[in-house]
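For reference, model_3.txt (compact mmCIF, C-alpha atoms):
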```txt
# COMPACT_ATOMS: atom_id res chain seq x y z
CA MET A 1 -32.88 37.36 1.23
CA ALA A 2 -29.16 38.16 1.31
CA ASP A 3 -27.67 39.94 -1.69
CA LYS A 4 -24.84 37.76 -3.00
CA SER A 5 -23.23 40.59 -4.96
CA LYS A 6 -22.74 42.57 -1.75
CA LEU A 7 -21.56 39.69 0.43
CA TRP A 8 -18.90 38.34 -1.93
CA THR A 9 -16.33 41.13 -2.00
CA LEU A 10 -13.86 38.95 -3.92
CA SER A 11 -14.59 36.03 -6.21
CA PRO A 12 -13.82 32.70 -4.48
CA VAL A 13 -12.53 31.46 -7.84
CA ASP A 14 -9.79 34.09 -7.61
CA VAL A 15 -9.11 34.38 -3.88
CA LEU A 16 -9.07 30.61 -3.20
CA ARG A 17 -6.94 29.57 -6.17
CA ALA A 18 -3.84 27.83 -4.82
CA SER A 19 -1.52 30.21 -6.63
CA SER A 20 -3.15 33.14 -4.76
CA SER A 21 -3.55 31.44 -1.37
CA PRO A 22 -1.21 31.42 1.64
CA ARG A 23 1.19 28.55 2.12
CA VAL A 24 -0.50 25.65 3.90
CA GLU A 25 1.38 26.35 7.11
CA ASP A 26 0.05 29.93 7.09
CA ILE A 27 -3.63 29.23 6.42
CA ASP A 28 -6.16 30.86 8.73
CA PHE A 29 -8.51 27.90 9.05
CA THR A 30 -11.35 30.04 10.43
CA ALA A 31 -11.16 32.64 7.67
CA THR A 32 -13.88 33.27 5.08
CA PRO A 33 -11.82 34.70 2.20
CA GLY A 34 -13.81 36.98 -0.06
CA PHE A 35 -17.08 36.68 1.89
CA ASP A 36 -18.22 39.54 4.09
CA GLY A 37 -21.02 37.91 6.00
CA ALA A 38 -21.84 35.67 8.94
CA LYS A 39 -23.12 32.08 9.02
CA ALA A 40 -26.78 33.13 8.67
CA HIS A 41 -25.94 35.16 5.59
CA GLY A 42 -23.89 32.32 4.14
CA ASN A 43 -26.69 29.79 4.59
CA ASP A 44 -29.13 32.22 2.99
CA VAL A 45 -26.88 32.71 -0.03
CA LEU A 46 -26.23 28.97 -0.30
CA GLU A 47 -29.96 28.34 -0.70
CA GLN A 48 -30.19 30.96 -3.46
CA ARG A 49 -27.11 29.76 -5.28
CA GLY A 50 -28.09 26.12 -4.93
CA ALA A 51 -30.97 26.76 -7.29
CA VAL A 52 -28.54 28.28 -9.80
CA LEU A 53 -26.20 25.30 -9.47
CA ALA A 54 -29.06 22.85 -9.98
CA ALA A 55 -30.21 24.60 -13.16
CA LEU A 56 -26.70 24.60 -14.62
CA GLN A 57 -26.21 20.94 -13.73
CA GLU A 58 -29.49 20.04 -15.42
CA LYS A 59 -28.25 21.70 -18.61
CA LEU A 60 -25.01 19.69 -18.43
CA TYR A 61 -26.99 16.48 -17.91
CA ALA A 62 -29.26 17.29 -20.86
CA HIS A 63 -26.17 18.00 -22.96
CA GLY A 64 -24.86 14.52 -22.15
CA ARG A 65 -28.18 12.83 -22.84
CA ALA A 66 -28.20 14.49 -26.26
CA GLY A 67 -24.79 13.11 -27.19
CA GLY A 68 -22.54 15.82 -25.76
CA THR A 69 -19.15 14.85 -24.43
CA LYS A 70 -18.50 17.34 -21.64
CA SER A 71 -18.32 16.42 -17.96
CA VAL A 72 -16.97 17.92 -14.74
CA LEU A 73 -14.75 16.18 -12.19
CA LEU A 74 -14.70 17.65 -8.68
CA VAL A 75 -11.81 16.29 -6.61
CA LEU A 76 -12.23 16.69 -2.84
CA GLN A 77 -9.12 16.20 -0.73
CA GLY A 78 -8.66 16.76 2.98
CA MET A 79 -7.90 14.95 6.19
CA ASP A 80 -10.70 13.26 8.08
CA THR A 81 -13.30 15.71 9.46
CA ALA A 82 -12.30 18.34 6.87
CA GLY A 83 -15.83 18.15 5.48
CA LYS A 84 -15.64 16.06 2.31
CA GLY A 85 -18.72 14.03 3.17
CA GLY A 86 -20.64 17.13 4.17
CA MET A 87 -19.68 18.74 0.89
CA VAL A 88 -21.23 15.84 -0.99
CA LYS A 89 -24.39 15.95 1.12
CA HIS A 90 -24.97 19.70 1.29
CA VAL A 91 -23.55 20.93 -2.04
CA ILE A 92 -23.85 18.04 -4.48
CA GLY A 93 -27.08 17.14 -2.70
CA MET A 94 -28.63 20.30 -4.15
CA VAL A 95 -28.52 18.93 -7.71
CA ASP A 96 -30.28 16.06 -9.49
CA PRO A 97 -28.57 12.82 -8.41
CA GLN A 98 -29.16 11.38 -11.88
CA GLY A 99 -26.47 13.71 -13.12
CA VAL A 100 -23.86 12.83 -10.49
CA ASP A 101 -21.22 10.10 -10.49
CA LEU A 102 -19.82 9.77 -6.95
CA ALA A 103 -16.77 7.74 -5.97
CA SER A 104 -15.05 7.41 -2.61
CA PHE A 105 -11.49 6.11 -2.42
CA GLY A 106 -10.25 4.50 0.76
CA VAL A 107 -7.47 2.02 1.36
CA PRO A 108 -6.98 0.06 -1.89
CA THR A 109 -8.53 -3.39 -2.02
CA GLN A 110 -6.43 -6.45 -2.80
CA GLU A 111 -7.64 -6.34 -6.38
CA GLU A 112 -6.78 -2.64 -6.69
CA LYS A 113 -3.30 -3.22 -5.29
CA GLN A 114 -2.60 -5.58 -8.17
CA HIS A 115 -3.08 -2.74 -10.67
CA HIS A 116 -1.50 0.64 -11.36
CA TYR A 117 -2.74 3.18 -8.81
CA LEU A 118 -4.69 5.06 -11.51
CA TRP A 119 -6.61 1.92 -12.50
CA ARG A 120 -9.36 2.38 -9.94
CA ILE A 121 -9.48 6.10 -10.68
CA ARG A 122 -10.07 5.58 -14.39
CA LYS A 123 -12.90 3.16 -13.63
CA ALA A 124 -14.72 5.88 -11.66
CA LEU A 125 -14.43 8.81 -14.07
CA PRO A 126 -17.67 10.69 -14.74
CA ARG A 127 -19.75 9.86 -17.77
CA ALA A 128 -20.59 12.54 -20.31
CA GLY A 129 -23.07 15.05 -18.93
CA ARG A 130 -22.29 14.22 -15.30
CA ILE A 131 -20.60 15.95 -12.43
CA GLY A 132 -18.16 13.40 -11.07
CA VAL A 133 -17.17 13.74 -7.41
CA PHE A 134 -14.12 12.07 -5.92
CA ASP A 135 -14.17 11.83 -2.11
CA ARG A 136 -10.40 11.42 -1.88
CA SER A 137 -8.67 10.55 -5.11
CA HIS A 138 -5.46 9.65 -6.93
CA TYR A 139 -3.76 12.21 -4.69
CA GLU A 140 -3.81 9.70 -1.85
CA ASP A 141 -0.93 8.07 -3.72
CA VAL A 142 1.30 11.12 -3.24
CA LEU A 143 -0.04 12.09 0.19
CA VAL A 144 -0.60 9.09 2.47
CA VAL A 145 2.12 7.03 0.83
CA ALA A 146 4.62 9.85 1.28
CA VAL A 147 3.71 10.62 4.89
CA HIS A 148 3.88 6.96 5.93
CA ASP A 149 6.70 5.81 3.63
CA LEU A 150 4.46 3.18 2.04
CA VAL A 151 6.54 3.27 -1.13
CA PRO A 152 10.03 4.66 -1.77
CA ARG A 153 10.31 8.38 -2.47
CA GLN A 154 11.59 7.73 -5.99
CA VAL A 155 8.31 5.92 -6.68
CA TRP A 156 5.85 8.55 -5.45
CA GLU A 157 7.93 11.41 -6.85
CA LYS A 158 7.37 10.08 -10.37
CA ARG A 159 3.65 10.06 -9.77
CA PHE A 160 3.40 13.84 -9.94
CA ASP A 161 4.29 13.78 -13.63
CA GLU A 162 1.92 10.84 -14.17
CA ILE A 163 -0.93 12.65 -12.45
CA ASN A 164 -0.32 15.84 -14.42
CA ALA A 165 -0.33 13.90 -17.68
CA PHE A 166 -3.47 11.99 -16.62
CA GLU A 167 -5.38 15.16 -15.79
CA LYS A 168 -4.29 16.85 -19.02
CA GLU A 169 -5.62 13.80 -20.85
CA LEU A 170 -8.97 14.17 -19.10
CA VAL A 171 -9.19 17.84 -20.02
CA ASP A 172 -8.33 17.09 -23.63
CA GLU A 173 -11.19 14.56 -23.64
CA ASP A 174 -13.73 17.19 -22.48
CA THR A 175 -13.68 16.66 -18.71
CA VAL A 176 -13.25 19.85 -16.71
CA VAL A 177 -11.09 19.10 -13.66
CA VAL A 178 -11.64 21.12 -10.48
CA LYS A 179 -9.65 20.25 -7.35
CA VAL A 180 -10.51 21.40 -3.83
CA ALA A 181 -8.23 21.00 -0.82
CA LEU A 182 -10.14 21.41 2.45
CA PHE A 183 -8.04 22.43 5.45
CA VAL A 184 -9.25 22.16 9.03
CA SER A 185 -7.35 23.24 12.15
CA ALA A 186 -6.08 20.71 14.70
CA ASP A 187 -8.45 22.12 17.34
CA GLU A 188 -11.49 21.94 15.08
CA GLN A 189 -10.58 18.43 13.98
CA LYS A 190 -10.36 17.37 17.62
CA LYS A 191 -13.77 18.92 18.29
CA ARG A 192 -15.34 17.08 15.36
CA LEU A 193 -13.78 13.77 16.39
CA GLN A 194 -15.06 14.30 19.95
CA GLU A 195 -18.55 14.85 18.57
CA ARG A 196 -18.36 11.52 16.76
CA LEU A 197 -17.50 9.83 20.04
CA ASP A 198 -20.17 11.66 22.04
CA ARG A 199 -23.05 10.95 19.67
CA PRO A 200 -24.04 7.29 19.12
CA GLU A 201 -25.43 8.10 15.67
CA LYS A 202 -21.94 9.33 14.71
CA HIS A 203 -19.99 6.29 15.95
CA TRP A 204 -20.05 4.72 12.50
CA LYS A 205 -18.05 7.68 11.21
CA TYR A 206 -15.35 7.37 13.86
CA ASN A 207 -12.10 5.64 12.97
CA PRO A 208 -9.53 5.13 15.77
CA GLY A 209 -6.87 5.62 13.14
CA ASP A 210 -7.90 9.27 12.83
CA VAL A 211 -6.40 10.01 16.24
CA THR A 212 -3.17 8.32 15.17
CA GLU A 213 -3.08 10.45 12.03
CA ARG A 214 -3.23 13.61 14.16
CA GLY A 215 0.35 12.87 15.10
CA PHE A 216 1.32 13.43 11.47
CA LEU A 217 -0.36 16.79 10.89
CA ALA A 218 2.90 18.59 10.14
CA GLN A 219 3.92 15.92 7.64
CA TYR A 220 0.52 16.02 5.96
CA ARG A 221 0.63 19.78 5.59
CA ALA A 222 4.06 19.54 4.00
CA ALA A 223 2.75 16.83 1.68
CA TYR A 224 -0.25 18.93 0.71
CA GLN A 225 1.98 21.90 -0.03
CA ARG A 226 4.07 19.69 -2.29
CA VAL A 227 0.90 18.60 -4.11
CA LEU A 228 -0.23 22.19 -4.61
CA ASP A 229 3.20 23.24 -5.84
CA ARG A 230 3.50 20.38 -8.29
CA THR A 231 -0.03 19.90 -9.67
CA ASP A 232 -1.79 23.28 -9.79
CA PHE A 233 -2.36 24.30 -13.41
CA ASP A 234 -4.85 26.53 -15.18
CA HIS A 235 -6.32 23.50 -16.95
CA ALA A 236 -6.67 21.57 -13.66
CA PRO A 237 -6.66 24.14 -10.84
CA TRP A 238 -6.44 23.63 -7.11
CA TYR A 239 -8.55 25.71 -4.72
CA VAL A 240 -7.46 26.02 -1.09
CA VAL A 241 -10.53 26.25 1.16
CA PRO A 242 -10.37 26.95 4.92
CA ALA A 243 -12.84 24.50 6.43
CA ASP A 244 -13.28 25.30 10.12
CA ARG A 245 -16.50 27.08 9.15
CA LYS A 246 -18.48 24.43 7.28
CA TRP A 247 -21.01 26.91 5.98
CA TYR A 248 -18.26 28.91 4.29
CA SER A 249 -16.48 25.96 2.69
CA ARG A 250 -19.77 24.67 1.28
CA LEU A 251 -20.70 28.07 -0.08
CA ALA A 252 -17.26 28.55 -1.62
CA VAL A 253 -17.34 25.21 -3.42
CA THR A 254 -20.86 25.96 -4.66
CA GLU A 255 -19.59 29.19 -6.22
CA ILE A 256 -16.60 27.43 -7.77
CA LEU A 257 -18.89 24.83 -9.35
CA ILE A 258 -21.27 27.51 -10.63
CA ASP A 259 -18.37 29.36 -12.23
CA THR A 260 -17.11 26.11 -13.80
CA LEU A 261 -20.50 25.24 -15.28
CA GLU A 262 -21.16 28.78 -16.50
CA LYS A 263 -17.87 28.77 -18.39
CA LEU A 264 -19.01 25.68 -20.30
CA ASP A 265 -21.54 28.02 -21.91
CA LEU A 266 -23.93 25.20 -22.81
CA ASP A 267 -27.22 25.64 -24.64
CA TRP A 268 -30.25 23.44 -24.15
CA PRO A 269 -30.20 20.63 -26.73
CA ALA A 270 -32.36 21.32 -29.75
CA ALA A 271 -35.41 19.10 -30.20
CA ASP A 272 -34.90 16.26 -32.66
CA PHE A 273 -38.61 16.30 -33.53
CA ASP A 274 -41.11 18.82 -34.93
CA VAL A 275 -42.24 20.71 -31.84
CA GLU A 276 -45.30 22.31 -33.42
CA HIS A 277 -46.42 19.01 -34.87
CA GLU A 278 -46.12 17.34 -31.47
CA LYS A 279 -48.09 20.15 -29.85
CA LYS A 280 -50.87 19.56 -32.34
CA ARG A 281 -50.82 15.80 -31.81
CA LEU A 282 -50.96 16.27 -28.06
CA ALA A 283 -53.87 18.70 -28.29
CA GLU A 284 -55.79 16.24 -30.43
CA SER A 285 -55.06 13.24 -28.26
```

Can I see the file as structure tokens?
Amino acid sequence: MADKSKLWTLSPVDVLRASSSPRVEDIDFTATPGFDGAKAHGNDVLEQRGAVLAALQEKLYAHGRAGGTKSVLLVLQGMDTAGKGGMVKHVIGMVDPQGVDLASFGVPTQEEKQHHYLWRIRKALPRAGRIGVFDRSHYEDVLVVAVHDLVPRQVWEKRFDEINAFEKELVDEDTVVVKVALFVSADEQKKRLQERLDRPEKHWKYNPGDVTERGFLAQYRAAYQRVLDRTDFDHAPWYVVPADRKWYSRLAVTEILIDTLEKLDLDWPAADFDVEHEKKRLAES
């Protein structure tokens, strides 16, 4: 098996932090920052580390079941084909689904449009003891709306302060906020869209609007840079993950989640019954 300590030359938590990463326009989408190994090595390490992630998540879940208040919110942002769905399947899929609260945010429904844009977000926040995963998030309301002029600039500009206050509120209430921006190159995106067209079992994933959105790549990258500049804080950090190599992006997010859960430093909940007495009762049963 691959030796993780030798393959990670730099911690992904450090090298992928937005404040340490290149500007969006300068990202090498095929890069594997901090990891000195090929795809086979990465997949090998992912299997090893998945077991570690699952054990840490079980401890968080047990903490919640015992009355603890802590939770983790993983925000996944990226254009279509950046790998958000794959991240849920291949990374979050390695842990117990009982301890996961997953929410996907598309175009707001008519009901959602009648409320403040954070209304639907608040309804989907993770319960205590869970890892919450947002496939897209409240950041759509400073990304898509800005790129397509869906609301005036003076409206979405104010949302940065609202989002920062909202996330600080979550942290103060014992939710650890971790935000991941997945960036895929135009060529790789085109390849992935072509695959969806070529494979009948992938047609359901194809949206004709994705091709239209390719015409706004420059605007989206500028919008993402604005998000990173305005909303990256130590209490709610952004990580910038090159996503042309799916195996790397999945491995990197796994490591970020492991680091997040380890820093919670949770113990297993103490038994609320007499263990020795129960052992005796069981033996005599």

Which of these, A:Glu284, A:Glu173, A:Asp26, A:Asp135, has the shortest distance to Arg221 of chain A once you count all atoms listed in the file?
A:Asp26

Tell me, counting only C-alpha atoms, for each residue of segment 95-150 of chain A within 6 Å of segment 56-74 of chain A, which pair of atoms is nearest and how far apart they are in Å to one decimal, in rows ordered by chain and increasing number, as a tab-separated table.
```
residue	atom	partner	partner_atom	distance
A:Gly99	CA	A:Tyr61	CA	5.6
A:Ala128	CA	A:Thr69	CA	4.9
A:Gly129	CA	A:Gly64	CA	3.7
A:Arg130	CA	A:Ser71	CA	5.3
A:Ile131	CA	A:Val72	CA	4.7
A:Gly132	CA	A:Leu73	CA	4.5
A:Val133	CA	A:Leu74	CA	4.8
```

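The coordinates place atom CA of Val88 of chain A at 20.5 Å from atom CA of Ser185 of chain A.
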
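The protein and nucleic acid residues lying at most 9 Å from Leu228 of chain A are Ala18, Ser19, Ala181, Ala223, Tyr224, Gln225, Thr231, Asp232, Trp238 and Val240 of chain A, with all atoms listed in the file considered and sequence neighbours fewer than 3 positions away removed.
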
Restricted to C-alpha atoms, what would the selected residues look like written as a compact mmCIF listing (two decimals), in the frame of the given file?
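Result file selection_9.txt:
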```txt
# COMPACT_ATOMS: atom_id res chain seq x y z
CA ALA A 18 -3.84 27.83 -4.82
CA SER A 19 -1.52 30.21 -6.63
CA ALA A 181 -8.23 21.00 -0.82
CA ALA A 223 2.75 16.83 1.68
CA TYR A 224 -0.25 18.93 0.71
CA GLN A 225 1.98 21.90 -0.03
CA THR A 231 -0.03 19.90 -9.67
CA ASP A 232 -1.79 23.28 -9.79
CA TRP A 238 -6.44 23.63 -7.11
CA VAL A 240 -7.46 26.02 -1.09
```

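Computed from the coordinates, the atom CA of Leu170 of chain A to atom CA of Leu125 of chain A distance equals 9.2 Å.
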
Report as CSV the residues of segment 178-197 of chain A within 9 Å of segment 210-218 of chain A, each with its shortest atom pair and distance in Å (one decimal), using all atoms listed in the file, ordered by chain and increasing residue number.
```
residue,atom,partner,partner_atom,distance
A:Ala186,CA,A:Arg214,CA,7.7
A:Gln189,CA,A:Arg214,CA,8.8
A:Lys190,CA,A:Val211,CA,8.5
A:Leu193,CA,A:Asp210,CA,8.2
```

Centre, edges in Å (one decimal): axis-aligned box, segment 32-40 of chain A, 3 Å padding on all six sides, as JSON:
```
{"center_x": -19.3, "center_y": 35.8, "center_z": 4.5, "size_x": 21.0, "size_y": 13.5, "size_z": 15.1}
```

Do you have the atom CA of Tyr248 of chain A-atom CA of Lys39 of chain A distance handy?
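Distance between the two atoms: 7.5 Å.
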